[in-house]
Amino acid sequence: MTVKPKIRGFICTTAHPDGCRAIVRSQIDYVKNAGKINGPKKVLVIGASMGYGLASRIAAAYGCGASTIGVIFDKPGSDAKTASAGWYNTAAFEEFAHNDGLYAKTINGDAFSSDINEQVIELIKKELGKVDMIVYSLAAPRRTTSDGTVYSSVLKTTDKEFTNKTIDLKTGEISEATIYPASEAEIFATVKVMGGEDWKEWIGALKSAGAVEDNAVTVAYSYIGPEMTHPIYKDGSIGRAKDHLAATAKEITRSIDGVNAYVSVNKALVTQSSAAIPVVPLYISILYKVMKEMELHEGCIEQMYRLFAEKIYGGGIKTDENGLIRLDDLEMRDDVQEKVSEIWNGISSENISSCADLDGYRKDFSRLFGFEADGVDYDADTNTAVDIPSLT
Ligand code: NAD
């Protein structure tokens, strides 16, 4: 069938197999060109099919020559229906990795479930013995815990309502969005989903099963951002979860022998998760414009390569005074933020095209689902029932 994008709000319900493959290929090529890293050799990536998790897997495999096991939660396609983008990304990654002689296997299912946890541990024990790095990169709307309780995360403020500019990405209209405070129960649930509890359970289970090398590293991802986004992000319900994640890193390092846990604060980028946050997509469109003009722009793969090559495996782990790895160092530079805030104050629906990189935002959004990749014929018939080699 021919596959076209079907965008509904901030998700696209179709994905293009050849486009996803081409984008994974370009991320692999970036890492191959960037050079080898003296890094981990057996890496587990939880949340490996999209965004920062996928880029971490590519950086580990192609930068460090690592064997990788990825945990994903994706839907296969059929002759009549496309798979999720993460499915196609993973199928392509495995195909390339296997052709390049790299071990790569995938477990598909809910990473919050004990069943998937057990399957992953069994696979590690059987085929890799132990892992020396665990990347925890889940961005999930909900989590079902072992007692059957379902927790849903919310993107709200924590104290008072907050009104600021937001963008309709379809029309380019700028309007005001008001975000209301979360209840204590909603904050609690958001911390359950996006905080560190599940991360710590994963590391504890891996360690108890004897599946972790001594001096292993585990990393989870966070975001801080500038003041204009603080009410909805850093000081919002998601920020509470990220505070919990940072506290959990210290807790893992302190209580689980031989494991060093870090939180890396990454750059704001277009991913499926960030597109869902009010205010943030407008900020990202302006940030893209400013950082591209200053030749400082990075995407997921540039960020993850830098994480491995410079911040973790470049001769000592580089953290700030709070123990956080700061990959948002370029985004948060004073000269970048001064320009962003100047534009933010004057932006309107009338001047949006000259003040923000809306085209760049939209292109990156399409590319999440395999559209707008170079060299792909989107009018041609394509096979949508692609297999992930290790799952067949
Ligand atoms: P993403 O949506 O691109 O990727 C999330 C991944 O998690 C996907 O592969 C998805 O399939 C997987 N996943 C979700 N629920 C799952 C489940 N139950 N079981 C298994 N896999 C599951 O998101 P992202 O933006 O790459 O976010 C990853 C992390 O990076 C998050 O912690 C996020 O807060 C953080 N982060 C994102 C940004 C940004 O701007 N996008 C910036 C800084 C930090």
# chains A, B, ... in the order shown; residues from 1 in each chain; ligands from 1

$ residues_around --residues "Tyr88 of chain A" --least-positions-apart "3" --cutoff "7 Å" --atoms "only C-alpha atoms" --output "list of chain:residue names"
A:Pro17, A:Cys20, A:Arg21, A:Ala83, A:Ser84, A:Ala85, A:Ala91, A:Ala92

$ residues_near_ligand --ligand "ligand 1" --cutoff "6 Å" --atoms "only C-alpha atoms and all ligand atoms" --output "PyMOL selection string"
chain A and resi 47-53+71-74+86+109-112+137-140+221-223+265-274

$ write_last_selection --atoms "N, CA and C atoms" --output "tab-separated table (two decimals), in the first residue's frame"
chain	number	residue	atom	x	y	z
A	47	GLY	N	12.79	1.40	26.62
A	47	GLY	CA	12.17	2.51	25.87
A	47	GLY	C	13.03	2.82	24.66
A	48	ALA	N	13.30	1.76	23.85
A	48	ALA	CA	14.36	1.84	22.84
A	48	ALA	C	13.88	2.17	21.43
A	49	SER	N	12.59	2.44	21.25
A	49	SER	CA	12.11	2.48	19.86
A	49	SER	C	11.99	3.87	19.25
A	50	MET	N	12.02	4.91	20.08
A	50	MET	CA	11.82	6.27	19.56
A	50	MET	C	12.75	7.22	20.32
A	51	GLY	N	12.85	8.43	19.81
A	51	GLY	CA	13.44	9.54	20.54
A	51	GLY	C	14.81	9.26	21.15
A	52	TYR	N	14.95	9.66	22.41
A	52	TYR	CA	16.25	9.53	23.07
A	52	TYR	C	16.67	8.08	23.31
A	53	GLY	N	15.71	7.18	23.52
A	53	GLY	CA	16.05	5.78	23.75
A	53	GLY	C	16.63	5.13	22.50
A	71	VAL	N	13.99	-2.75	24.99
A	71	VAL	CA	12.61	-3.01	25.41
A	71	VAL	C	11.74	-1.97	24.74
A	72	ILE	N	10.74	-2.43	24.00
A	72	ILE	CA	9.86	-1.51	23.29
A	72	ILE	C	8.41	-1.88	23.59
A	73	PHE	N	7.49	-1.00	23.25
A	73	PHE	CA	6.07	-1.27	23.46
A	73	PHE	C	5.36	-0.81	22.20
A	74	ASP	N	5.46	-1.62	21.16
A	74	ASP	CA	5.01	-1.17	19.83
A	74	ASP	C	4.09	-2.18	19.18
A	86	GLY	N	7.81	3.15	16.10
A	86	GLY	CA	8.83	2.48	16.92
A	86	GLY	C	9.08	1.05	16.45
A	109	GLY	N	6.82	-5.29	24.80
A	109	GLY	CA	5.76	-5.40	25.82
A	109	GLY	C	5.91	-4.28	26.83
A	110	ASP	N	5.01	-4.27	27.79
A	110	ASP	CA	4.96	-3.18	28.77
A	110	ASP	C	6.14	-3.27	29.75
A	111	ALA	N	7.03	-2.30	29.66
A	111	ALA	CA	8.23	-2.31	30.51
A	111	ALA	C	7.89	-2.19	31.99
A	112	PHE	N	6.69	-1.74	32.30
A	112	PHE	CA	6.29	-1.63	33.71
A	112	PHE	C	5.84	-2.99	34.29
A	137	SER	N	14.69	5.05	29.36
A	137	SER	CA	14.18	6.19	28.56
A	137	SER	C	12.70	6.07	28.25
A	138	LEU	N	11.92	5.72	29.28
A	138	LEU	CA	10.48	5.62	29.05
A	138	LEU	C	9.83	6.99	29.11
A	139	ALA	N	8.93	7.24	28.18
A	139	ALA	CA	8.04	8.40	28.30
A	139	ALA	C	6.65	7.83	28.10
A	140	ALA	N	5.93	7.66	29.19
A	140	ALA	CA	4.68	6.92	29.12
A	140	ALA	C	3.53	7.72	29.70
A	221	TYR	N	16.63	10.06	31.78
A	221	TYR	CA	16.66	11.39	31.16
A	221	TYR	C	15.65	12.36	31.78
A	222	SER	N	16.08	13.62	31.81
A	222	SER	CA	15.24	14.65	32.40
A	222	SER	C	15.33	15.93	31.59
A	223	TYR	N	14.55	16.91	32.02
A	223	TYR	CA	14.55	18.21	31.35
A	223	TYR	C	14.35	19.30	32.40
A	265	VAL	N	20.27	15.64	31.91
A	265	VAL	CA	19.29	16.67	31.54
A	265	VAL	C	19.53	16.98	30.06
A	266	ASN	N	18.58	16.58	29.23
A	266	ASN	CA	18.75	16.69	27.79
A	266	ASN	C	18.12	17.96	27.23
A	267	LYS	N	18.41	18.19	25.96
A	267	LYS	CA	17.86	19.34	25.24
A	267	LYS	C	16.39	19.10	24.89
A	268	ALA	N	15.63	20.18	24.79
A	268	ALA	CA	14.24	20.08	24.33
A	268	ALA	C	14.25	19.78	22.84
A	269	LEU	N	13.56	18.70	22.48
A	269	LEU	CA	13.52	18.28	21.08
A	269	LEU	C	12.12	17.82	20.72
A	270	VAL	N	11.84	17.82	19.43
A	270	VAL	CA	10.55	17.32	18.97
A	270	VAL	C	10.55	15.80	19.10
A	271	THR	N	9.73	15.29	20.01
A	271	THR	CA	9.49	13.85	20.07
A	271	THR	C	7.99	13.70	20.30
A	272	GLN	N	7.52	12.47	20.27
A	272	GLN	CA	6.10	12.24	20.49
A	272	GLN	C	5.69	12.79	21.86
A	273	SER	N	6.59	12.66	22.83
A	273	SER	CA	6.23	13.09	24.19
A	273	SER	C	6.20	14.60	24.33
A	274	SER	N	7.22	15.29	23.79
A	274	SER	CA	7.27	16.74	24.01
A	274	SER	C	6.17	17.46	23.23

$ atom_distance --atom1 "atom CA of Arg143 of chain A" --atom2 "atom CA of Val193 of chain A"
5.4 Å

$ residues_around --residues "segment 302-305 of chain A" --least-positions-apart "6" --cutoff "9 Å" --atoms "only C-alpha atoms" --output "list in words"
Gln27, Tyr30, Val31, Ala34, Ile37, Tyr52, Gly53, Ala55, Ser56, Arg57, Ile58, Ala59, Ala60, Gly63, Asn266, Lys267, Leu327 and Asp328 of chain A

$ select_by_dssp --residues "segment 33-131 of chain A" --states "strand (DSSP E or B)" --output "VMD selection string"
chain A and resid 42 to 46 67 to 72 104 to 108 131

$ closest_residue --among "A:Ser113, A:Ser175, A:Ala205, A:Ile167" --to "Thr145 of chain A" --atoms "only C-alpha atoms"
A:Ser113

$ residues_around --residues "segment 178-182 of chain A" --least-positions-apart "5" --cutoff "7 Å" --atoms "only C-alpha atoms" --output "list in words"
Lys156, Thr157, Thr158, Asp159, Lys160, Glu161, Phe162, Thr163, Asn164, Ile187 and Ser237 of chain A

$ write_last_selection --atoms "N, CA and C atoms" --output "mmCIF file, in the first residue's frame"
data_model
loop_
_atom_site.group_PDB
_atom_site.id
_atom_site.type_symbol
_atom_site.label_atom_id
_atom_site.label_comp_id
_atom_site.auth_asym_id
_atom_site.auth_seq_id
_atom_site.Cartn_x
_atom_site.Cartn_y
_atom_site.Cartn_z
ATOM 1 N N LYS A 156 0.399 19.258 34.193
ATOM 2 C CA LYS A 156 -0.300 20.397 34.794
ATOM 3 C C LYS A 156 0.665 21.140 35.703
ATOM 4 N N THR A 157 0.206 22.301 36.182
ATOM 5 C CA THR A 157 1.002 23.026 37.164
ATOM 6 C C THR A 157 0.784 22.367 38.524
ATOM 7 N N THR A 158 1.533 22.853 39.527
ATOM 8 C CA THR A 158 1.344 22.250 40.859
ATOM 9 C C THR A 158 0.749 23.229 41.867
ATOM 10 N N ASP A 159 0.770 24.534 41.531
ATOM 11 C CA ASP A 159 0.214 25.466 42.522
ATOM 12 C C ASP A 159 -0.975 26.248 41.953
ATOM 13 N N LYS A 160 -0.662 27.261 41.116
ATOM 14 C CA LYS A 160 -1.783 28.050 40.588
ATOM 15 C C LYS A 160 -1.888 27.885 39.067
ATOM 16 N N GLU A 161 -2.987 28.418 38.509
ATOM 17 C CA GLU A 161 -3.114 28.268 37.067
ATOM 18 C C GLU A 161 -2.081 29.140 36.351
ATOM 19 N N PHE A 162 -1.750 28.743 35.148
ATOM 20 C CA PHE A 162 -0.668 29.389 34.409
ATOM 21 C C PHE A 162 -1.149 29.627 32.988
ATOM 22 N N THR A 163 -1.028 30.887 32.550
ATOM 23 C CA THR A 163 -1.442 31.208 31.189
ATOM 24 C C THR A 163 -0.225 31.703 30.427
ATOM 25 N N ASN A 164 -0.016 31.153 29.256
ATOM 26 C CA ASN A 164 1.088 31.635 28.429
ATOM 27 C C ASN A 164 0.769 31.329 26.973
ATOM 28 N N ILE A 187 -0.618 14.514 41.016
ATOM 29 C CA ILE A 187 0.851 14.649 41.147
ATOM 30 C C ILE A 187 1.446 13.305 41.574
ATOM 31 N N SER A 237 3.698 19.173 37.379
ATOM 32 C CA SER A 237 3.568 17.785 37.848
ATOM 33 C C SER A 237 4.694 16.911 37.276
#

$ residues_around --residues "segment 279-281 of chain A" --least-positions-apart "2" --cutoff "9 Å" --atoms "only C-alpha atoms" --output "PyMOL selection string"
chain A and resi 164-167+169+176-177+228-229+232-233+268-270+274-277+283-286+361

$ write_last_selection --atoms "C-alpha atoms" --output "PDB file, in the first residue's frame"
ATOM      1  CA  ASN A 164       1.088  31.635  28.429  1.00  0.00           C
ATOM      2  CA  LYS A 165       1.470  31.539  24.676  1.00  0.00           C
ATOM      3  CA  THR A 166       0.983  28.321  22.804  1.00  0.00           C
ATOM      4  CA  ILE A 167       0.887  27.351  19.162  1.00  0.00           C
ATOM      5  CA  LEU A 169       1.007  23.475  14.991  1.00  0.00           C
ATOM      6  CA  GLU A 176      -3.064  31.670  25.005  1.00  0.00           C
ATOM      7  CA  ALA A 177      -3.326  28.402  26.868  1.00  0.00           C
ATOM      8  CA  MET A 228       8.962  30.604  30.659  1.00  0.00           C
ATOM      9  CA  THR A 229       8.329  26.840  30.730  1.00  0.00           C
ATOM     10  CA  ILE A 232       4.357  23.670  33.156  1.00  0.00           C
ATOM     11  CA  TYR A 233       7.584  21.672  33.246  1.00  0.00           C
ATOM     12  CA  ALA A 268      14.244  20.082  24.327  1.00  0.00           C
ATOM     13  CA  LEU A 269      13.516  18.276  21.076  1.00  0.00           C
ATOM     14  CA  VAL A 270      10.546  17.322  18.973  1.00  0.00           C
ATOM     15  CA  SER A 274       7.267  16.745  24.011  1.00  0.00           C
ATOM     16  CA  ALA A 275       4.647  17.495  21.328  1.00  0.00           C
ATOM     17  CA  ALA A 276       1.962  16.759  23.917  1.00  0.00           C
ATOM     18  CA  ILE A 277       3.073  19.442  26.389  1.00  0.00           C
ATOM     19  CA  TYR A 283       9.361  27.305  22.774  1.00  0.00           C
ATOM     20  CA  ILE A 284      11.010  24.491  20.759  1.00  0.00           C
ATOM     21  CA  SER A 285      10.156  26.209  17.431  1.00  0.00           C
ATOM     22  CA  ILE A 286      11.863  29.396  18.615  1.00  0.00           C
ATOM     23  CA  TYR A 361       9.403  21.684  13.930  1.00  0.00           C
TER      24      TYR A 361
END

$ residues_around --residues "Thr253 of chain A" --least-positions-apart "3" --cutoff "12 Å" --atoms "only C-alpha atoms" --output "list of chain:residue names"
A:Lys200, A:Ile203, A:Gly204, A:Asn215, A:Ala216, A:Val217, A:Thr218, A:Val219, A:Ala246, A:Ala247, A:Thr248, A:Ala249, A:Lys250, A:Ile256, A:Asp257, A:Gly258, A:Val259, A:Asn260, A:Ala261, A:Tyr262, A:Val263, A:Gly323

$ write_last_selection --atoms "all heavy atoms" --output "short mmCIF file (atom, residue, chain, number, x, y, z; two decimals), in the first residue's frame"
data_model
loop_
_atom_site.label_atom_id
_atom_site.label_comp_id
_atom_site.auth_asym_id
_atom_site.auth_seq_id
_atom_site.Cartn_x
_atom_site.Cartn_y
_atom_site.Cartn_z
N LYS A 200 14.25 2.11 39.61
CA LYS A 200 14.95 1.45 40.72
C LYS A 200 14.56 -0.03 40.78
O LYS A 200 15.40 -0.90 41.04
CB LYS A 200 14.62 2.15 42.03
CG LYS A 200 15.48 1.66 43.16
CD LYS A 200 15.29 2.43 44.43
CE LYS A 200 16.03 1.71 45.54
NZ LYS A 200 15.29 1.69 46.80
N ILE A 203 16.58 -1.88 38.16
CA ILE A 203 18.00 -2.07 38.51
C ILE A 203 18.13 -3.08 39.65
O ILE A 203 19.01 -3.95 39.63
CB ILE A 203 18.66 -0.71 38.90
CG1 ILE A 203 18.46 0.34 37.79
CG2 ILE A 203 20.16 -0.89 39.21
CD1 ILE A 203 18.98 -0.06 36.42
N GLY A 204 17.21 -3.00 40.61
CA GLY A 204 17.22 -3.95 41.73
C GLY A 204 17.03 -5.39 41.23
O GLY A 204 17.75 -6.30 41.65
N ASN A 215 30.53 -1.97 38.56
CA ASN A 215 30.78 -0.63 38.02
C ASN A 215 29.95 -0.30 36.80
O ASN A 215 30.39 0.44 35.92
CB ASN A 215 32.26 -0.46 37.67
CG ASN A 215 33.00 0.05 38.86
OD1 ASN A 215 32.46 0.89 39.61
ND2 ASN A 215 34.19 -0.46 39.07
N ALA A 216 28.76 -0.87 36.75
CA ALA A 216 27.85 -0.57 35.64
C ALA A 216 27.31 0.85 35.80
O ALA A 216 27.29 1.41 36.90
CB ALA A 216 26.70 -1.57 35.64
N VAL A 217 26.89 1.39 34.68
CA VAL A 217 26.29 2.74 34.68
C VAL A 217 24.83 2.61 34.27
O VAL A 217 24.50 1.85 33.36
CB VAL A 217 27.03 3.66 33.68
CG1 VAL A 217 26.26 4.95 33.45
CG2 VAL A 217 28.44 3.96 34.18
N THR A 218 23.97 3.34 34.97
CA THR A 218 22.60 3.46 34.47
C THR A 218 22.25 4.93 34.37
O THR A 218 22.68 5.75 35.19
CB THR A 218 21.58 2.68 35.34
OG1 THR A 218 20.29 2.82 34.72
CG2 THR A 218 21.50 3.18 36.77
N VAL A 219 21.51 5.28 33.32
CA VAL A 219 21.17 6.68 33.09
C VAL A 219 19.70 6.81 32.72
O VAL A 219 19.16 5.96 32.00
CB VAL A 219 22.11 7.31 32.02
CG1 VAL A 219 21.95 6.69 30.66
CG2 VAL A 219 21.91 8.82 31.90
N ALA A 246 15.67 12.20 39.88
CA ALA A 246 17.02 12.63 40.29
C ALA A 246 17.34 12.08 41.69
O ALA A 246 18.47 11.63 41.94
CB ALA A 246 17.10 14.16 40.28
N ALA A 247 16.36 12.10 42.59
CA ALA A 247 16.60 11.55 43.93
C ALA A 247 16.84 10.05 43.84
O ALA A 247 17.66 9.48 44.58
CB ALA A 247 15.40 11.85 44.83
N THR A 248 16.14 9.40 42.91
CA THR A 248 16.29 7.94 42.75
C THR A 248 17.69 7.59 42.25
O THR A 248 18.25 6.55 42.63
CB THR A 248 15.22 7.39 41.78
OG1 THR A 248 13.94 7.77 42.25
CG2 THR A 248 15.29 5.88 41.67
N ALA A 249 18.27 8.45 41.40
CA ALA A 249 19.63 8.18 40.92
C ALA A 249 20.57 8.06 42.12
O ALA A 249 21.36 7.11 42.22
CB ALA A 249 20.08 9.29 39.97
N LYS A 250 20.44 9.00 43.04
CA LYS A 250 21.30 8.98 44.24
C LYS A 250 21.02 7.73 45.07
O LYS A 250 21.93 7.09 45.59
CB LYS A 250 21.07 10.25 45.07
CG LYS A 250 21.53 11.49 44.30
CD LYS A 250 21.65 12.71 45.19
CE LYS A 250 22.36 13.81 44.42
NZ LYS A 250 21.71 15.07 44.38
N ILE A 256 22.47 0.25 45.73
CA ILE A 256 22.70 -0.95 44.90
C ILE A 256 24.19 -1.02 44.56
O ILE A 256 24.71 -0.20 43.80
CB ILE A 256 21.80 -0.97 43.63
CG1 ILE A 256 20.31 -0.87 44.06
CG2 ILE A 256 22.06 -2.22 42.78
CD1 ILE A 256 19.30 -0.92 42.94
N ASP A 257 24.82 -1.99 45.16
CA ASP A 257 26.27 -2.12 45.09
C ASP A 257 26.76 -2.27 43.64
O ASP A 257 26.23 -3.08 42.89
CB ASP A 257 26.63 -3.38 45.90
CG ASP A 257 28.05 -3.31 46.37
OD1 ASP A 257 28.53 -2.18 46.57
OD2 ASP A 257 28.66 -4.39 46.51
N GLY A 258 27.75 -1.46 43.27
CA GLY A 258 28.37 -1.65 41.95
C GLY A 258 27.64 -0.98 40.81
O GLY A 258 27.99 -1.16 39.64
N VAL A 259 26.58 -0.21 41.11
CA VAL A 259 25.84 0.48 40.03
C VAL A 259 25.90 1.99 40.27
O VAL A 259 25.59 2.46 41.37
CB VAL A 259 24.36 0.04 39.95
CG1 VAL A 259 23.65 0.76 38.81
CG2 VAL A 259 24.25 -1.47 39.78
N ASN A 260 26.32 2.72 39.26
CA ASN A 260 26.35 4.18 39.36
C ASN A 260 25.24 4.75 38.49
O ASN A 260 25.23 4.55 37.28
CB ASN A 260 27.70 4.71 38.86
CG ASN A 260 28.83 4.18 39.71
OD1 ASN A 260 28.84 4.35 40.92
ND2 ASN A 260 29.76 3.46 39.08
N ALA A 261 24.31 5.45 39.15
CA ALA A 261 23.13 5.94 38.44
C ALA A 261 23.21 7.45 38.23
O ALA A 261 23.61 8.20 39.13
CB ALA A 261 21.88 5.59 39.23
N TYR A 262 22.82 7.89 37.05
CA TYR A 262 22.86 9.31 36.71
C TYR A 262 21.57 9.73 36.02
O TYR A 262 20.95 8.94 35.33
CB TYR A 262 24.02 9.62 35.76
CG TYR A 262 25.35 9.34 36.40
CD1 TYR A 262 25.96 8.09 36.25
CD2 TYR A 262 25.97 10.30 37.19
CE1 TYR A 262 27.15 7.81 36.86
CE2 TYR A 262 27.18 10.02 37.82
CZ TYR A 262 27.76 8.77 37.65
OH TYR A 262 28.94 8.49 38.27
N VAL A 263 21.26 11.01 36.20
CA VAL A 263 20.21 11.61 35.38
C VAL A 263 20.90 12.58 34.43
O VAL A 263 21.72 13.40 34.85
CB VAL A 263 19.16 12.33 36.26
CG1 VAL A 263 18.32 13.29 35.44
CG2 VAL A 263 18.26 11.29 36.93
N GLY A 323 25.12 16.88 40.66
CA GLY A 323 25.29 15.49 40.22
C GLY A 323 24.56 15.17 38.92
O GLY A 323 24.45 14.01 38.53
#

$ residues_around --residues "Asp18 of chain A" --least-positions-apart "6" --cutoff "8 Å" --atoms "only C-alpha atoms" --output "list of chain:residue names"
A:Gly370, A:Val376, A:Thr382

$ write_last_selection --atoms "N, CA, C and O atoms" --output "compact mmCIF listing (two decimals), in the first residue's frame"
# COMPACT_ATOMS: atom_id res chain seq x y z
N GLY A 370 8.46 8.69 10.14
CA GLY A 370 9.05 8.21 8.89
C GLY A 370 8.67 9.01 7.67
O GLY A 370 8.92 8.57 6.54
N VAL A 376 13.17 8.81 -0.15
CA VAL A 376 12.07 7.83 -0.05
C VAL A 376 10.95 8.27 -1.00
O VAL A 376 10.57 9.43 -1.01
N THR A 382 4.48 0.21 -0.61
CA THR A 382 5.49 -0.27 0.32
C THR A 382 4.92 -1.41 1.15
O THR A 382 3.71 -1.51 1.34

$ select_by_dssp --residues "segment 211-308 of chain A" --states "helix (DSSP H, G or I)" --output "NGL selection string"
:A and (227-229 or 237-255 or 274-276 or 280-293 or 300-308)

$ atom_distance --atom1 "atom CA of Thr14 of chain A" --atom2 "atom CA of Met194 of chain A"
26.1 Å

$ closest_residue --among "A:Ser153, A:Leu391, A:Ala356, A:Leu296" --to "Ser341 of chain A" --atoms "only C-alpha atoms"
A:Ala356

$ closest_residue --among "A:Val43, A:Ile301, A:Val290, A:Val386" --to "Glu342 of chain A" --atoms "only C-alpha atoms"
A:Val290

$ atom_distance --atom1 "atom CA of Met133 of chain A" --atom2 "atom CA of Ser152 of chain A"
28.4 Å
